[in-house]
Amino acid sequence: MSTSAAVTLRDLLSPPPSADGIDRKALAGLLVELAHNVKPEQAPAVEGVPRVDLRLDELRRLVLGREIELLARLGAVIEDPEQLAAAVGRVLPTAVAHATADERLGQVLTPAFEKATQSSIRSNPRTLINILYPLIVPAIRKAIGETIDDTFQSLNESLKASLTWRGLKWRFEAWRTGTTFAETVLKHTLVYQVEHAFLIHHHTGLLIAHAAAENAASQDPQLVSSMLIAIQDFVRDSFTGAEQQGLDTLRLGELRLWSERGPFATLVAVIRGNPPEELHATLSRVVSQIHAERRQVLESFDGDTSGLGDIEAHLAECAALRQQSTKSARRGFPWLVAAVGVMLLMLAGAGGTWWWQETEARQAEQRAWAAARQAEQRLWADAVARLKTVPGIVVTESDMRDGKFSVAGLRDPLAADPGQVLERAGVDPARVVGRWVPYQSLDPEFALQRLQVSLDPPPAIRLSLENGRIVARGSASSTWLERAQSVGRMLPAGGPELDLSQVLDPNHGAIAKLRDAIESHEIHFNSNEPLPSPGQDAVLDQLAAELKELASLSALLRVNTRVTLTGHSDDTGRGTFNLSLSMARAGVVLTMVKKRGVDPNLLIVNGSGPLEPLQSGSTDAARSANRRVSFAVGTE
Amino acid sequence: MNMMPQALQKKVCVLGGFSVGKTSLIRRYVESIFSESYITTVGVKIDKKTLDLAGRLVSLILWDVAGEDDMASFRMTYLRGAAGYLLVADGTRPATLDVALSLRERVEAACGPLPCALLVNKNDLTEEWTISGTDLEGLRQKGWWVRPTSARTGEGVEDAFKDLAVRVSS
């Protein structure tokens, strides 16, 4: 290195003077001294310069001091994971934002995100559910909504498209009966048939009775019924929560098994097709009725099926239930389409001859007027014809004059409003003058409605029309039965008869047996004691059990039952005291049976003091017998 | 319309250890509409055996209950309402007799004493029998009703059904 080189370096370093903190004067001096040191003639002296020249270090510090400090700081940041993480964290969002355009970022991150999601679901699925809930629920709702809409639309389309004769007939029927078209279609398509009815004993799984529809094929009903009970047991054992319930419905293709469970036996109906929900109620009613009539037999059934013809008759009634298709399912010829096609052809033809018609416009107008008048006459004739078919309406006269219509006849107050019938037939009610004389129709429907009002049947009685007769079924008190019999005798001749043979009197049969049992009990007391004398727990237990059975049986038969507990005292002591003592005795017995689980609403408390002695006389034995609580069962 | 014969019906369970020939014992002698697969799926298969007892028809509704050596898997529910039961053991395997004995204990604990018959099956293989005659005689002494049967030859099967029918319907 020469002096000139040193000068050039000095030139380079001196301008421009900057505020970078380097002591340039000291640096220049140092460099000149170094240059002198490397002069060739001074080389031997340089040889003597020590390898580690402190001046070089000084030079380094002067030139690179700031950079060294910066590098040390950076090094510390990189070495310390905490600081590095903090530093990367500050720029990560911006970096990701910049890198998003690069597809590789997504590819690189996918496995990590998948793992993170899996681990999150494993540790706490609820978090993910909470996150997804607001997204998924509207999505599901939307999807379901669309599916339903689609279904409705396709249903609607198919309904609209069914311009067959049958479709039109249903439309007409819907319009005539004032129901929607869909309801009418549903009514006609709910076709079902009860093919078999089994009554199966719960405890043994044995078949009590069976009935099948005439055309129904079947396997051995005894085997089928046991297998049904086995499957019910299987379901009950296998799935917790089903212990108390049986298997209500089974469905296999177009076959359904509906079962209705009674206290001792289950009615299983095998139904082919599409039954309406009301069928459940019908089956349930049959089960209740069979239990009400033959409770004893069902309770103690041991496999002997002789003498159960009446139960079979009930089942046969079920097996006869069906809703037949009104017509075969053959697709009809699209009459309306054909008619529209023909009309279009005619119109095309008419277009060709339009000019000719133009010349005869006046004649055409006259023809149109005549046609309109003719159409109106047809409309009126149709409307009157329809009116004549309405039950409870007898049309005696009808006329059409000067654009006004008049109609007269007899009308049962229960019959449909003739004005509405005509309106539905397309006649403007404002143009109709009607004169109706009231009368009573013998139509079975009306007779039934009138009987519903005049008989005021209790809830357990159901009146229905069967083969033109009005049949009452259920159970009712003898008072009601007597009243119903006298009303039945007064029904006009020629109309439907009232059949009361199917009404059961709750005062006979199972309730009567319970009544006799309950009324046979007495609770005895020691003198002056409101609490029963000891040793009567067994009687109270028995009594409570019978009262509970009475309550459940009454509920089953829908009979109102009340049990009166009458307290009695002996004839010693003052009258008022005896009266309150007898009342207290009845109250104590009520509490005791209530404690044994009897519904207190069933019970009425009464006290009669010494007024109703069991034994007359004033011996100790008679008095002891008179100190008691007795029971009376009343039904309504 | 009515297809049910006017007959007395009785529920009878058929129990026994694993592969004692219980199912094949009854298969050939009963009316059946269900396949064997019911035993493995539902745990029971129903068959019927109708017998004429002096002019009176008695239908035994046979509940062939899935029996395994592991007693815990056996559904006691299916015994409910049974009028009697048949126990089946395999004469060539003494362990199956032990299973039958413990099944009887379990049934008696759950349902009380019921008419019961012990059928010792595979009587056609008597030379292979390992259950001794004295064992069976001992059971008879204790009031058991024991009958050797053979599902293959049919020996004793009809009589076993008939005897049980008489006892459950009396």
# chains A, B, ... in the order shown; residues from 1 in each chain; ligands from 1

call {"tool": "interface_residues", "arguments": {"of": "chain B", "to": "chain A", "cutoff": "12 Å", "atoms": "only C-alpha atoms", "output": "PDB file with C-alpha atoms, in the first residue's frame"}}
result
ATOM      1  CA  MET B   1    -113.044 -65.968   9.656  1.00  0.00           C
ATOM      2  CA  ASN B   2    -111.871 -67.461  12.902  1.00  0.00           C
ATOM      3  CA  MET B   3    -108.831 -69.617  12.384  1.00  0.00           C
ATOM      4  CA  MET B   4    -108.024 -70.381  15.982  1.00  0.00           C
ATOM      5  CA  PRO B   5    -108.860 -73.925  17.063  1.00  0.00           C
ATOM      6  CA  GLN B   6    -110.704 -74.104  20.360  1.00  0.00           C
ATOM      7  CA  ALA B   7    -107.852 -75.651  22.293  1.00  0.00           C
ATOM      8  CA  LEU B   8    -106.164 -75.248  25.593  1.00  0.00           C
ATOM      9  CA  GLN B   9    -102.862 -73.433  25.183  1.00  0.00           C
ATOM     10  CA  LYS B  10     -99.913 -73.643  27.576  1.00  0.00           C
ATOM     11  CA  LYS B  11     -96.602 -71.850  27.460  1.00  0.00           C
ATOM     12  CA  VAL B  12     -93.632 -74.196  27.845  1.00  0.00           C
ATOM     13  CA  CYS B  13     -89.974 -73.107  27.817  1.00  0.00           C
ATOM     14  CA  VAL B  30     -93.403 -79.334  16.034  1.00  0.00           C
ATOM     15  CA  GLU B  31     -95.238 -76.811  13.889  1.00  0.00           C
ATOM     16  CA  SER B  32     -92.894 -73.979  13.137  1.00  0.00           C
ATOM     17  CA  ILE B  33     -93.061 -70.807  11.087  1.00  0.00           C
ATOM     18  CA  PHE B  34     -90.008 -68.937  12.332  1.00  0.00           C
ATOM     19  CA  SER B  35     -86.428 -69.545  11.245  1.00  0.00           C
ATOM     20  CA  TYR B  38     -84.603 -65.829  15.776  1.00  0.00           C
ATOM     21  CA  ILE B  39     -82.778 -67.676  18.557  1.00  0.00           C
ATOM     22  CA  THR B  41     -81.174 -62.471  17.223  1.00  0.00           C
ATOM     23  CA  VAL B  42     -84.173 -62.119  19.529  1.00  0.00           C
ATOM     24  CA  GLY B  43     -82.989 -64.856  21.894  1.00  0.00           C
ATOM     25  CA  VAL B  44     -86.092 -66.990  21.508  1.00  0.00           C
ATOM     26  CA  LYS B  45     -88.005 -68.910  18.863  1.00  0.00           C
ATOM     27  CA  ILE B  46     -91.624 -69.926  19.219  1.00  0.00           C
ATOM     28  CA  ASP B  47     -92.903 -73.303  18.028  1.00  0.00           C
ATOM     29  CA  LYS B  48     -96.077 -75.193  18.705  1.00  0.00           C
ATOM     30  CA  LYS B  49     -96.842 -78.784  19.539  1.00  0.00           C
ATOM     31  CA  THR B  50    -100.483 -79.775  19.524  1.00  0.00           C
ATOM     32  CA  ARG B  56    -108.991 -82.631  24.308  1.00  0.00           C
ATOM     33  CA  LEU B  57    -106.566 -80.635  22.187  1.00  0.00           C
ATOM     34  CA  VAL B  58    -103.685 -79.122  24.109  1.00  0.00           C
ATOM     35  CA  SER B  59    -101.286 -76.766  22.302  1.00  0.00           C
ATOM     36  CA  LEU B  60     -97.899 -76.418  23.887  1.00  0.00           C
ATOM     37  CA  ILE B  61     -96.492 -73.059  22.818  1.00  0.00           C
ATOM     38  CA  LEU B  62     -92.783 -73.844  22.994  1.00  0.00           C
ATOM     39  CA  TRP B  63     -90.385 -70.998  23.750  1.00  0.00           C
ATOM     40  CA  ASP B  64     -86.997 -72.264  22.597  1.00  0.00           C
ATOM     41  CA  VAL B  65     -84.873 -69.904  24.676  1.00  0.00           C
ATOM     42  CA  SER B  73     -76.790 -64.104  28.986  1.00  0.00           C
ATOM     43  CA  PHE B  74     -80.023 -66.013  29.415  1.00  0.00           C
ATOM     44  CA  ARG B  75     -83.151 -63.851  29.477  1.00  0.00           C
ATOM     45  CA  MET B  76     -85.331 -64.686  32.465  1.00  0.00           C
ATOM     46  CA  THR B  77     -88.085 -62.467  31.047  1.00  0.00           C
ATOM     47  CA  TYR B  78     -88.935 -65.182  28.560  1.00  0.00           C
ATOM     48  CA  LEU B  79     -89.877 -67.549  31.391  1.00  0.00           C
ATOM     49  CA  ARG B  80     -92.715 -65.285  32.544  1.00  0.00           C
ATOM     50  CA  GLY B  81     -96.071 -67.025  32.513  1.00  0.00           C
ATOM     51  CA  ALA B  82     -94.664 -70.458  31.603  1.00  0.00           C
ATOM     52  CA  ALA B  83     -96.775 -73.413  32.725  1.00  0.00           C
ATOM     53  CA  GLY B  84     -93.801 -75.787  32.606  1.00  0.00           C
ATOM     54  CA  VAL B 168     -99.301 -78.718  32.651  1.00  0.00           C
ATOM     55  CA  SER B 169    -102.947 -79.074  31.662  1.00  0.00           C
ATOM     56  CA  SER B 170    -104.148 -80.975  34.726  1.00  0.00           C
TER      57      SER B 170
END

call {"tool": "select_by_dssp", "arguments": {"residues": "range 244-285 of chain A", "states": "helix (DSSP H, G or I)", "output": "PyMOL selection string"}}
result
chain A and resi 278-285

call {"tool": "write_last_selection", "arguments": {"atoms": "N, CA and C atoms", "output": "compact mmCIF listing (two decimals), in the first residue's frame"}}
result
# COMPACT_ATOMS: atom_id res chain seq x y z
N GLU A 278 -106.91 -41.75 13.69
CA GLU A 278 -108.11 -42.05 14.49
C GLU A 278 -108.21 -43.54 14.80
N LEU A 279 -107.57 -44.36 13.96
CA LEU A 279 -107.66 -45.80 14.17
C LEU A 279 -107.11 -46.18 15.54
N HIS A 280 -106.10 -45.42 16.02
CA HIS A 280 -105.56 -45.67 17.36
C HIS A 280 -106.67 -45.59 18.39
N ALA A 281 -107.48 -44.52 18.26
CA ALA A 281 -108.56 -44.30 19.22
C ALA A 281 -109.56 -45.45 19.15
N THR A 282 -109.86 -45.90 17.92
CA THR A 282 -110.81 -46.99 17.76
C THR A 282 -110.30 -48.25 18.45
N LEU A 283 -109.02 -48.57 18.21
CA LEU A 283 -108.45 -49.79 18.80
C LEU A 283 -108.44 -49.67 20.32
N SER A 284 -108.08 -48.48 20.79
CA SER A 284 -108.01 -48.25 22.23
C SER A 284 -109.38 -48.46 22.87
N ARG A 285 -110.42 -47.99 22.16
CA ARG A 285 -111.77 -48.14 22.68
C ARG A 285 -112.15 -49.63 22.78

call {"tool": "select_by_dssp", "arguments": {"residues": "range 30-153 of chain B", "states": "strand (DSSP E)", "output": "count of residues only"}}
result
38

call {"tool": "closest_residue", "arguments": {"among": "B:Ser37, B:Ser150, B:Gln141, B:Thr134", "to": "Val20 in chain B", "atoms": "only C-alpha atoms"}}
result
B:Ser150

call {"tool": "atom_distance", "arguments": {"atom1": "CA of Leu557 in chain A", "atom2": "CA of Tyr192 in chain A"}}
result
29.3 Å

call {"tool": "atom_distance", "arguments": {"atom1": "CA of Asp52 in chain B", "atom2": "CA of Leu25 in chain B"}}
result
20.1 Å

call {"tool": "residues_around", "arguments": {"residues": "Val384 in chain A", "least_positions_apart": "2", "cutoff": "10 Å", "atoms": "only C-alpha atoms", "output": "VMD selection string"}}
result
chain A and resid 378 to 382 386 to 389 395 397 to 399 407 418 421 to 422 425 427

call {"tool": "write_last_selection", "arguments": {"atoms": "C-alpha atoms", "output": "compact mmCIF listing (two decimals), in the first residue's frame"}}
result
# COMPACT_ATOMS: atom_id res chain seq x y z
CA ARG A 378 -128.40 -24.68 -16.96
CA LEU A 379 -126.55 -23.22 -13.97
CA TRP A 380 -129.81 -22.68 -12.11
CA ALA A 381 -131.08 -26.15 -12.96
CA ASP A 382 -127.82 -27.66 -11.73
CA ARG A 386 -127.81 -30.04 -6.06
CA LEU A 387 -130.09 -28.42 -3.49
CA LYS A 388 -132.45 -31.38 -3.86
CA THR A 389 -129.66 -33.77 -2.84
CA VAL A 395 -137.52 -28.42 -2.92
CA GLU A 397 -140.90 -25.12 -6.45
CA SER A 398 -138.16 -23.37 -8.37
CA ASP A 399 -138.37 -20.69 -11.03
CA VAL A 407 -137.02 -21.43 -4.77
CA PRO A 418 -129.73 -23.37 1.16
CA VAL A 421 -125.46 -24.38 -1.17
CA LEU A 422 -126.66 -22.24 -4.09
CA ALA A 425 -123.09 -23.91 -7.07
CA VAL A 427 -125.54 -18.69 -8.15

call {"tool": "residues_around", "arguments": {"residues": "Leu118 in chain B", "least_positions_apart": "4", "cutoff": "12 Å", "atoms": "only C-alpha atoms", "output": "count of residues only"}}
result
36

call {"tool": "closest_residue", "arguments": {"among": "A:Val539, A:Leu547, A:Gly409, A:Ser527", "to": "Ser624 in chain A", "atoms": "only C-alpha atoms"}}
result
A:Ser527

call {"tool": "residues_around", "arguments": {"residues": "Gly597 in chain A", "least_positions_apart": "6", "cutoff": "12 Å", "atoms": "only C-alpha atoms", "output": "list in words"}}
result
Leu540, Asp541, Leu543, Ala544, Ala545, Glu546, Leu547, Lys548, Glu549, Ala551, Leu590 and Thr591 of chain A

call {"tool": "write_last_selection", "arguments": {"atoms": "N, CA and C atoms", "output": "PDB file, in the first residue's frame"}}
result
ATOM      1  N   LEU A 540    -107.960 -52.426  56.802  1.00  0.00           N
ATOM      2  CA  LEU A 540    -107.696 -51.130  56.157  1.00  0.00           C
ATOM      3  C   LEU A 540    -106.885 -51.325  54.872  1.00  0.00           C
ATOM      4  N   ASP A 541    -105.895 -52.238  54.906  1.00  0.00           N
ATOM      5  CA  ASP A 541    -105.094 -52.508  53.705  1.00  0.00           C
ATOM      6  C   ASP A 541    -105.985 -53.019  52.575  1.00  0.00           C
ATOM      7  N   LEU A 543    -109.196 -52.683  52.287  1.00  0.00           N
ATOM      8  CA  LEU A 543    -110.127 -51.630  51.887  1.00  0.00           C
ATOM      9  C   LEU A 543    -109.437 -50.660  50.937  1.00  0.00           C
ATOM     10  N   ALA A 544    -108.194 -50.265  51.306  1.00  0.00           N
ATOM     11  CA  ALA A 544    -107.470 -49.307  50.470  1.00  0.00           C
ATOM     12  C   ALA A 544    -107.236 -49.894  49.093  1.00  0.00           C
ATOM     13  N   ALA A 545    -106.859 -51.183  49.037  1.00  0.00           N
ATOM     14  CA  ALA A 545    -106.607 -51.835  47.747  1.00  0.00           C
ATOM     15  C   ALA A 545    -107.872 -51.818  46.892  1.00  0.00           C
ATOM     16  N   GLU A 546    -109.008 -52.115  47.523  1.00  0.00           N
ATOM     17  CA  GLU A 546    -110.269 -52.149  46.764  1.00  0.00           C
ATOM     18  C   GLU A 546    -110.656 -50.757  46.289  1.00  0.00           C
ATOM     19  N   LEU A 547    -110.417 -49.750  47.155  1.00  0.00           N
ATOM     20  CA  LEU A 547    -110.753 -48.373  46.758  1.00  0.00           C
ATOM     21  C   LEU A 547    -109.921 -47.955  45.555  1.00  0.00           C
ATOM     22  N   LYS A 548    -108.642 -48.336  45.574  1.00  0.00           N
ATOM     23  CA  LYS A 548    -107.750 -47.955  44.448  1.00  0.00           C
ATOM     24  C   LYS A 548    -108.220 -48.637  43.164  1.00  0.00           C
ATOM     25  N   GLU A 549    -108.601 -49.913  43.290  1.00  0.00           N
ATOM     26  CA  GLU A 549    -109.065 -50.632  42.100  1.00  0.00           C
ATOM     27  C   GLU A 549    -110.354 -50.002  41.585  1.00  0.00           C
ATOM     28  N   ALA A 551    -111.157 -46.901  41.866  1.00  0.00           N
ATOM     29  CA  ALA A 551    -110.808 -45.642  41.203  1.00  0.00           C
ATOM     30  C   ALA A 551    -110.326 -45.909  39.789  1.00  0.00           C
ATOM     31  N   LEU A 590    -110.562 -41.798  56.741  1.00  0.00           N
ATOM     32  CA  LEU A 590    -110.170 -41.198  55.448  1.00  0.00           C
ATOM     33  C   LEU A 590    -108.666 -40.981  55.409  1.00  0.00           C
ATOM     34  N   THR A 591    -108.108 -40.426  56.484  1.00  0.00           N
ATOM     35  CA  THR A 591    -106.657 -40.178  56.521  1.00  0.00           C
ATOM     36  C   THR A 591    -105.892 -41.490  56.383  1.00  0.00           C
TER      37      THR A 591
END

call {"tool": "atom_distance", "arguments": {"atom1": "CA of Leu602 in chain A", "atom2": "CA of Phe631 in chain A"}}
result
12.2 Å
